[in-house]
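target_5.cif follows (mmCIF, C-alpha atoms and all ligand atoms):
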```cif
data_entry
loop_
_atom_site.label_atom_id
_atom_site.label_comp_id
_atom_site.auth_asym_id
_atom_site.auth_seq_id
_atom_site.Cartn_x
_atom_site.Cartn_y
_atom_site.Cartn_z
CA MET C 546 116.71 144.57 217.32
CA ALA C 547 116.58 140.89 216.50
CA ASP C 548 116.54 141.14 212.71
CA MET C 549 119.60 143.39 212.48
CA VAL C 550 122.75 141.93 210.94
CA LEU C 551 124.86 144.82 212.19
CA GLU C 552 124.18 147.25 215.02
CA THR C 553 126.01 150.10 216.66
CA ARG C 554 124.91 151.19 220.13
CA ASP C 555 125.95 154.54 221.51
CA LEU C 556 129.07 154.24 219.37
CA THR C 557 131.47 157.09 220.10
CA VAL C 558 135.06 158.02 219.43
CA GLN C 559 136.88 161.06 220.68
CA PHE C 560 140.23 162.32 219.40
CA GLY C 561 141.59 164.62 222.08
CA GLY C 562 138.75 167.04 222.70
CA HIS C 563 137.06 166.34 219.36
CA VAL C 564 134.12 163.91 219.22
CA ALA C 565 134.33 162.50 215.68
CA VAL C 566 131.53 159.93 216.10
CA ASP C 567 128.94 160.85 218.67
CA ARG C 568 126.69 158.19 220.24
CA ILE C 569 125.45 156.57 217.02
CA SER C 570 122.78 153.96 217.73
CA THR C 571 121.26 152.25 214.72
CA GLY C 572 121.03 148.89 212.97
CA PHE C 573 121.34 147.49 209.46
CA ARG C 574 119.22 144.65 208.05
CA ALA C 575 119.94 141.97 205.47
CA GLY C 576 118.57 142.91 202.06
CA GLU C 577 119.00 146.61 202.73
CA LEU C 578 121.43 149.04 201.11
CA THR C 579 122.01 152.03 203.34
CA ALA C 580 123.79 155.12 202.06
CA ILE C 581 125.69 157.10 204.67
CA VAL C 582 125.91 160.76 203.75
CA GLY C 583 126.99 164.01 205.33
CA PRO C 584 129.29 166.97 204.71
CA ASN C 585 133.09 166.67 204.72
CA GLY C 586 134.35 165.84 208.20
CA ALA C 587 130.92 164.60 209.36
CA GLY C 588 132.41 161.33 210.63
CA LYS C 589 131.42 158.88 207.87
CA THR C 590 134.83 157.27 207.38
CA THR C 591 135.48 157.29 211.12
CA TYR C 592 132.16 155.46 211.65
CA PHE C 593 133.28 152.87 209.08
CA ASN C 594 136.65 152.58 210.84
CA LEU C 595 134.91 151.89 214.15
CA ILE C 596 132.66 149.24 212.61
CA SER C 597 135.47 147.46 210.77
CA GLY C 598 137.87 147.70 213.72
CA GLN C 599 140.50 150.00 212.20
CA ILE C 600 140.14 152.22 215.28
CA ALA C 601 138.91 151.53 218.80
CA ALA C 602 135.74 153.08 220.21
CA THR C 603 135.91 155.41 223.19
CA ARG C 604 132.43 154.27 224.15
CA GLY C 605 129.59 152.12 222.87
CA ARG C 606 129.33 148.81 221.07
CA VAL C 607 129.34 147.15 217.65
CA LEU C 608 127.27 143.97 217.27
CA LEU C 609 127.45 141.56 214.34
CA GLU C 610 124.51 139.14 214.26
CA GLY C 611 123.96 139.96 217.91
CA ARG C 612 127.53 139.22 218.98
CA ASN C 613 129.53 141.96 220.61
CA ILE C 614 132.58 142.51 218.39
CA THR C 615 133.64 145.87 219.85
CA ARG C 616 136.94 144.54 221.20
CA LYS C 617 137.71 142.20 218.31
CA PRO C 618 140.55 143.09 215.94
CA ALA C 619 139.77 143.96 212.32
CA SER C 620 141.07 140.61 211.03
CA ILE C 621 138.65 138.65 213.22
CA ARG C 622 135.75 140.90 212.20
CA THR C 623 136.61 140.19 208.56
CA ARG C 624 136.57 136.47 209.24
CA MET C 625 133.21 136.81 210.97
CA GLY C 626 131.70 138.30 207.80
CA LEU C 627 132.33 142.01 207.89
CA GLY C 628 133.62 142.86 204.43
CA ARG C 629 135.16 146.25 203.95
CA GLY C 630 136.36 147.30 200.52
CA PHE C 631 140.06 146.64 200.22
CA GLN C 632 142.30 149.63 200.07
CA LEU C 633 144.76 149.84 197.21
CA THR C 634 147.49 149.35 199.80
CA ASN C 635 146.21 145.81 200.46
CA LEU C 636 146.94 144.66 196.92
CA PHE C 637 150.12 142.72 196.13
CA PRO C 638 151.52 144.74 193.21
CA ASP C 639 153.98 142.08 192.01
CA LEU C 640 151.37 139.32 191.88
CA THR C 641 148.89 138.99 189.04
CA VAL C 642 145.25 139.99 189.19
CA TYR C 643 144.31 136.30 189.34
CA GLU C 644 146.77 135.60 192.17
CA ASN C 645 145.50 138.50 194.27
CA VAL C 646 141.90 137.27 194.11
CA ARG C 647 142.95 133.65 194.54
CA LEU C 648 144.66 134.50 197.85
CA VAL C 649 141.38 135.87 199.18
CA VAL C 650 139.44 132.83 197.95
CA GLN C 651 141.96 130.54 199.64
CA ALA C 652 141.72 132.41 202.94
CA HIS C 653 137.93 132.32 202.76
CA GLN C 654 137.87 128.58 202.08
CA ARG C 655 140.18 127.89 205.00
CA LYS C 656 137.87 129.62 207.44
CA GLY C 657 134.97 127.42 206.36
CA GLY C 658 136.17 124.34 208.21
CA ARG C 659 135.93 120.71 207.19
CA LEU C 660 132.86 120.77 204.96
CA LEU C 661 134.28 123.44 202.76
CA ARG C 662 137.69 121.85 202.75
CA LEU C 663 136.19 118.74 201.16
CA ALA C 664 135.16 120.86 198.22
CA ASP C 665 138.38 122.77 198.35
CA SER C 666 139.93 121.40 195.19
CA ASP C 667 142.17 123.49 193.02
CA GLY C 668 139.49 123.56 190.34
CA HIS C 669 136.86 124.83 192.73
CA MET C 670 139.06 127.70 193.86
CA ARG C 671 139.98 128.52 190.29
CA ASP C 672 136.30 128.70 189.38
CA MET C 673 135.53 130.99 192.30
CA THR C 674 138.45 133.24 191.42
CA HIS C 675 137.33 133.48 187.80
CA GLN C 676 133.74 134.15 188.85
CA ALA C 677 134.82 137.07 191.04
CA LEU C 678 136.89 138.48 188.16
CA GLU C 679 134.03 137.94 185.72
CA GLN C 680 131.74 140.02 187.91
CA VAL C 681 133.97 143.06 187.53
CA GLN C 682 134.68 142.24 183.87
CA MET C 683 138.38 141.62 184.48
CA ARG C 684 138.88 138.08 183.15
CA ALA C 685 141.01 139.46 180.32
CA GLN C 686 143.46 141.05 182.76
CA ALA C 687 143.82 137.92 184.93
CA ASP C 688 147.50 137.38 184.11
CA LYS C 689 148.62 140.97 184.40
CA PRO C 690 150.71 142.06 187.38
CA VAL C 691 148.66 144.43 189.52
CA SER C 692 151.38 147.08 189.28
CA GLU C 693 150.60 147.41 185.55
CA LEU C 694 146.87 148.08 186.02
CA PRO C 695 145.41 151.55 185.60
CA HIS C 696 143.88 153.03 188.75
CA GLY C 697 140.27 152.22 187.76
CA ASP C 698 141.13 148.54 187.26
CA GLN C 699 142.85 148.41 190.63
CA ARG C 700 139.67 149.73 192.24
CA LYS C 701 137.61 147.11 190.39
CA LEU C 702 140.02 144.46 191.59
CA GLU C 703 139.38 145.56 195.17
CA VAL C 704 135.67 144.93 194.60
CA ALA C 705 136.40 141.49 193.09
CA MET C 706 138.42 140.63 196.20
CA LEU C 707 135.59 141.73 198.44
CA ILE C 708 133.11 139.56 196.53
CA ALA C 709 135.48 136.61 196.77
CA MET C 710 135.24 136.87 200.56
CA ASP C 711 131.46 136.46 200.36
CA PRO C 712 130.84 138.65 203.44
CA LYS C 713 127.52 139.14 205.25
CA VAL C 714 128.05 142.89 205.39
CA TYR C 715 129.55 144.84 202.49
CA MET C 716 131.08 148.22 203.34
CA PHE C 717 131.88 150.47 200.39
CA ASP C 718 133.58 153.83 200.97
CA GLU C 719 133.16 155.94 197.82
CA PRO C 720 133.64 152.89 195.58
CA THR C 721 133.86 154.82 192.32
CA ALA C 722 136.15 157.62 193.53
CA GLY C 723 138.83 158.28 190.93
CA MET C 724 137.27 155.89 188.39
CA SER C 725 136.79 156.73 184.73
CA PRO C 726 133.25 157.11 183.31
CA ASP C 727 133.75 153.64 181.76
CA ASP C 728 134.72 151.89 184.98
CA ALA C 729 132.26 153.46 187.40
CA PRO C 730 129.09 151.86 185.91
CA VAL C 731 130.66 148.38 186.12
CA VAL C 732 131.13 148.77 189.86
CA LEU C 733 127.77 150.46 190.41
CA ASP C 734 125.94 147.72 188.45
CA LEU C 735 127.70 145.18 190.57
CA ILE C 736 126.65 146.85 193.80
CA ALA C 737 123.10 147.04 192.46
CA ARG C 738 123.20 143.29 191.77
CA LEU C 739 124.63 142.54 195.22
CA SER C 740 121.79 144.55 196.73
CA GLN C 741 119.27 142.19 195.07
CA ASP C 742 120.65 139.40 197.25
CA ARG C 743 118.28 139.57 200.22
CA SER C 744 120.84 137.93 202.52
CA LYS C 745 123.37 140.75 202.16
CA CYS C 746 123.58 143.94 204.13
CA ILE C 747 125.30 146.81 202.31
CA LEU C 748 126.65 150.10 203.66
CA LEU C 749 127.75 152.73 201.20
CA VAL C 750 129.50 156.01 201.97
CA GLU C 751 128.88 158.18 198.93
CA HIS C 752 128.79 161.84 197.99
CA LYS C 753 127.22 161.52 194.54
CA MET C 754 123.48 162.05 194.80
CA ASP C 755 122.69 160.27 191.52
CA VAL C 756 124.48 157.14 192.77
CA ILE C 757 122.62 157.27 196.08
CA GLY C 758 119.29 157.82 194.33
CA ALA C 759 119.85 154.80 192.10
CA LEU C 760 121.03 152.37 194.78
CA ALA C 761 119.88 153.22 198.28
CA ASP C 762 116.91 151.71 200.13
CA ARG C 763 117.65 153.96 203.07
CA ILE C 764 119.80 156.99 203.87
CA ILE C 765 121.33 157.97 207.16
CA VAL C 766 122.82 161.42 207.56
CA LEU C 767 125.75 162.24 209.83
CA HIS C 768 126.60 165.73 210.93
CA ASN C 769 129.30 166.64 213.46
CA GLY C 770 129.63 162.92 214.24
CA ALA C 771 125.96 162.46 215.15
CA LEU C 772 123.15 160.70 213.26
CA VAL C 773 120.74 163.49 212.36
CA ALA C 774 118.37 161.86 209.85
CA ASP C 775 117.37 158.33 208.88
CA GLY C 776 114.74 157.10 206.44
CA ALA C 777 113.68 156.41 202.86
CA PRO C 778 115.78 158.32 200.28
CA GLN C 779 113.01 160.62 199.05
CA ASP C 780 111.97 161.55 202.61
CA VAL C 781 115.49 162.12 203.87
CA MET C 782 116.59 164.16 200.88
CA ALA C 783 113.52 166.36 201.20
CA SER C 784 113.86 166.88 204.95
CA ALA C 785 114.85 170.26 206.32
CA ILE C 786 117.69 168.77 208.31
CA VAL C 787 119.35 167.43 205.17
CA GLN C 788 118.81 170.62 203.27
CA GLU C 789 120.62 172.33 206.11
CA ALA C 790 123.22 169.79 207.19
CA TYR C 791 124.10 168.12 203.93
CA MET C 792 123.50 170.79 201.39
CA GLY C 793 125.54 173.19 203.53
CA ARG C 794 122.80 175.72 204.17
CA ALA C 795 122.06 177.50 207.47
CA GLN C 796 122.77 175.09 210.30
CA ALA C 797 120.78 176.75 213.05
CA ASN C 798 118.36 173.85 213.50
CA VAL C 799 120.85 170.98 213.35
N1 LIG V 801 142.83 159.77 213.66
C1 LIG V 801 142.26 160.98 213.83
N2 LIG V 801 142.77 161.86 214.70
C2 LIG V 801 142.20 163.08 214.89
N3 LIG V 801 141.09 163.49 214.24
C3 LIG V 801 140.54 162.64 213.35
C4 LIG V 801 141.10 161.35 213.09
N4 LIG V 801 140.32 160.73 212.15
C5 LIG V 801 139.34 161.60 211.84
N5 LIG V 801 139.47 162.74 212.54
C6 LIG V 801 138.56 163.90 212.51
O1 LIG V 801 137.26 163.42 212.68
C7 LIG V 801 136.33 164.14 211.87
C8 LIG V 801 135.57 163.19 210.98
O2 LIG V 801 136.40 162.75 209.90
P1 LIG V 801 135.94 161.70 208.80
O3 LIG V 801 137.11 161.46 207.90
O4 LIG V 801 135.33 160.53 209.46
O5 LIG V 801 134.82 162.52 208.03
P2 LIG V 801 134.07 162.12 206.68
O6 LIG V 801 132.62 162.36 206.93
O7 LIG V 801 134.46 160.76 206.25
O8 LIG V 801 134.62 163.24 205.70
P3 LIG V 801 134.92 163.18 204.10
O9 LIG V 801 133.57 163.21 203.44
O10 LIG V 801 135.69 164.42 203.88
O11 LIG V 801 135.69 161.93 203.83
C9 LIG V 801 137.15 165.18 211.11
O12 LIG V 801 137.09 166.39 211.84
C10 LIG V 801 138.55 164.60 211.13
O13 LIG V 801 139.51 165.60 211.08
#
```
Give the structure from the file, written as C-alpha cells.
Amino acid sequence: MADMVLETRDLTVQFGGHVAVDRISTGFRAGELTAIVGPNGAGKTTYFNLISGQIAATRGRVLLEGRNITRKPASIRTRMGLGRGFQLTNLFPDLTVYENVRLVVQAHQRKGGRLLRLADSDGHMRDMTHQALEQVQMRAQADKPVSELPHGDQRKLEVAMLIAMDPKVYMFDEPTAGMSPDDAPVVLDLIARLSQDRSKCILLVEHKMDVIGALADRIIVLHNGALVADGAPQDVMASAIVQEAYMGRAQANV
C-alpha cells in the first residue's frame, strides 16, 4: 500500500485471555480524515495506544511511511511524525500557556537538524508559538499559568501543542470531550482546517455522530477489537453491521 502514510498489519493485543485489538489490517492516506467509531470497549483507544506506542503489540506491525515502527518507543514515533493529542497530564501546570507551547516548538526545531537550526532564532520560535496559540484563539491567555486555565482551555492548549509539532499524522481521541459549547467549535473548526491540508493524515476517535458527519472522509468501525466496517460515512452509517454493532442493536450478524 504505497500511498499509505500509516498502516497497521494484523495488529493485535491480548490482555490475559482478552483480545482487545484483533488483527486490524488497514492503512491511512495523506489528505484523509478517518473517524474510528464503535461501542464502548470496542478497542478504539487501545488501537490508538498501539499505534502511538503507549502499549506493545502482541502480534502484527505498525508502519509509518513504510517504515516498521512496531518496536520503537512512543517518543521516537513522535519524533518521526506521529502526533497524538497531548493528555492533560503532559502539561506543565506551573509554566505559562506560552511556555508550554514554546517547549514543544523548541523540541520540534531541534529535531530538524542543521537547516532548521539556521532559522532557529528566538524570533522565529516566538512567531511559531504565537501562531499555534492563535489557531486555538488563545493569544490572550499566553501569560497565564496553565494551572489557572479552565478545563476547556487546557484541552485547547493540548491541540495548540500538537499543531506546534507539525506532525504527519494527527491522532485525536475525543478532542472535545468535557469542553463547553463555546470551546468545542473552536477545536472542531481547527480540525476541519487541518483536514484541508492534503499532506496531513488525521485519525479521530469520536462518539458524536454530528461531529463525524461534519468532518470525516471515511469511517472505520471496531467491534470486539476487530475492524468490522470501512468506507464513506454515508455508506458505513447506513450499513447493517453499523446499525447492529454501533447502534447497539441485535449483534447476531457481527
Ligand atoms: N491495560 C489493559 N488491561 C486489560 N484490559 C484492557 C486494558 N486496556 C484496555 N483493556 C480492555 O480492552 C477493551 C477495549 O478497551 P478500549 O478502552 O480500547 O475501548 P474503547 O473502544 O476505547 O472504549 P470507550 O469508547 O469506552 O473509550 C476493553 O474491554 C478494556 O477493558
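Surrounding stretch 547-563 of chain C within 9 Å are C:Arg568, C:Ile569, C:Ser570, C:Thr571, C:Gly572, C:Phe573, C:Arg574, C:Ala575, C:Thr591, C:Tyr592, C:Leu595, C:Ile596, C:Ile600, C:Ala601, C:Ala602, C:Thr603, C:Arg604, C:Gly605, C:Arg606, C:Val607, C:Leu608, C:Leu609, C:Glu610, C:Gly611, C:Lys713, C:Val714, C:Lys745, C:Cys746, C:Gly770, with only C-alpha atoms counted and residues fewer than 5 positions along the same chain left out.
With all atoms listed in the file as the basis for measurement, C:Glu751 is the residue among C:Arg671, C:Asp775, C:Glu751, C:Gln741 that approaches ligand LIG 801 (chain V) most closely.
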*Residues within 8 Å of ligand LIG 801 (chain V) should be enumerated using only C-alpha atoms and all ligand atoms and returned as an MDAnalysis selection string.*
chainID C and resid 560:561 563:566 582:593 752 767:770
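Taking atom CA of C:Gly668 as the reference point, atom CA of C:Val650 is found at 12.0 Å.
You will find atom CA of C:Met706 at 15.6 Å from atom CA of C:Lys689.
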*Separation of atom CA of C:His675 from atom CA of C:Lys701 in Å*: 13.9 Å
*asked:* Would you pick out the contacts of C:Arg622 at 10 Å or less, using all atoms listed in the file, so that residues sharing its chain but fewer than 5 positions from it are not included, and give the list as JSON, numbers by chain?
replied: {"C": [596, 597, 598, 609, 614, 615, 616, 617, 627, 628, 629]}
Take the residues that were just selected and, keeping C-alpha atoms, output them as a PDB file, keeping the file's coordinate frame.
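And here's again.pdb as it stands now:
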```
ATOM      1  CA  ILE C 596     132.660 149.240 212.610  1.00  0.00           C
ATOM      2  CA  SER C 597     135.470 147.460 210.770  1.00  0.00           C
ATOM      3  CA  GLY C 598     137.870 147.700 213.720  1.00  0.00           C
ATOM      4  CA  LEU C 609     127.450 141.560 214.340  1.00  0.00           C
ATOM      5  CA  ILE C 614     132.580 142.510 218.390  1.00  0.00           C
ATOM      6  CA  THR C 615     133.640 145.870 219.850  1.00  0.00           C
ATOM      7  CA  ARG C 616     136.940 144.540 221.200  1.00  0.00           C
ATOM      8  CA  LYS C 617     137.710 142.200 218.310  1.00  0.00           C
ATOM      9  CA  LEU C 627     132.330 142.010 207.890  1.00  0.00           C
ATOM     10  CA  GLY C 628     133.620 142.860 204.430  1.00  0.00           C
ATOM     11  CA  ARG C 629     135.160 146.250 203.950  1.00  0.00           C
TER      12      ARG C 629
END
```
*Pick from C:Thr641, C:Asp780, C:Val681, C:Asp698: nearest to C:Leu733, with all atoms listed in the file counted?*
C:Val681
Stretch 575-670 of chain C residues near stretch 757-761 of chain C within 10 Å, closest pair each, using only C-alpha atoms, as JSON lines:
```
{"residue": "C:Glu577", "atom": "CA", "partner": "C:Ala761", "partner_atom": "CA", "distance": 8.0}
{"residue": "C:Leu578", "atom": "CA", "partner": "C:Ala761", "partner_atom": "CA", "distance": 5.3}
{"residue": "C:Thr579", "atom": "CA", "partner": "C:Ala761", "partner_atom": "CA", "distance": 5.6}
{"residue": "C:Ala580", "atom": "CA", "partner": "C:Ala761", "partner_atom": "CA", "distance": 5.8}
{"residue": "C:Ile581", "atom": "CA", "partner": "C:Ile757", "partner_atom": "CA", "distance": 9.1}
{"residue": "C:Val582", "atom": "CA", "partner": "C:Ile757", "partner_atom": "CA", "distance": 9.0}
```
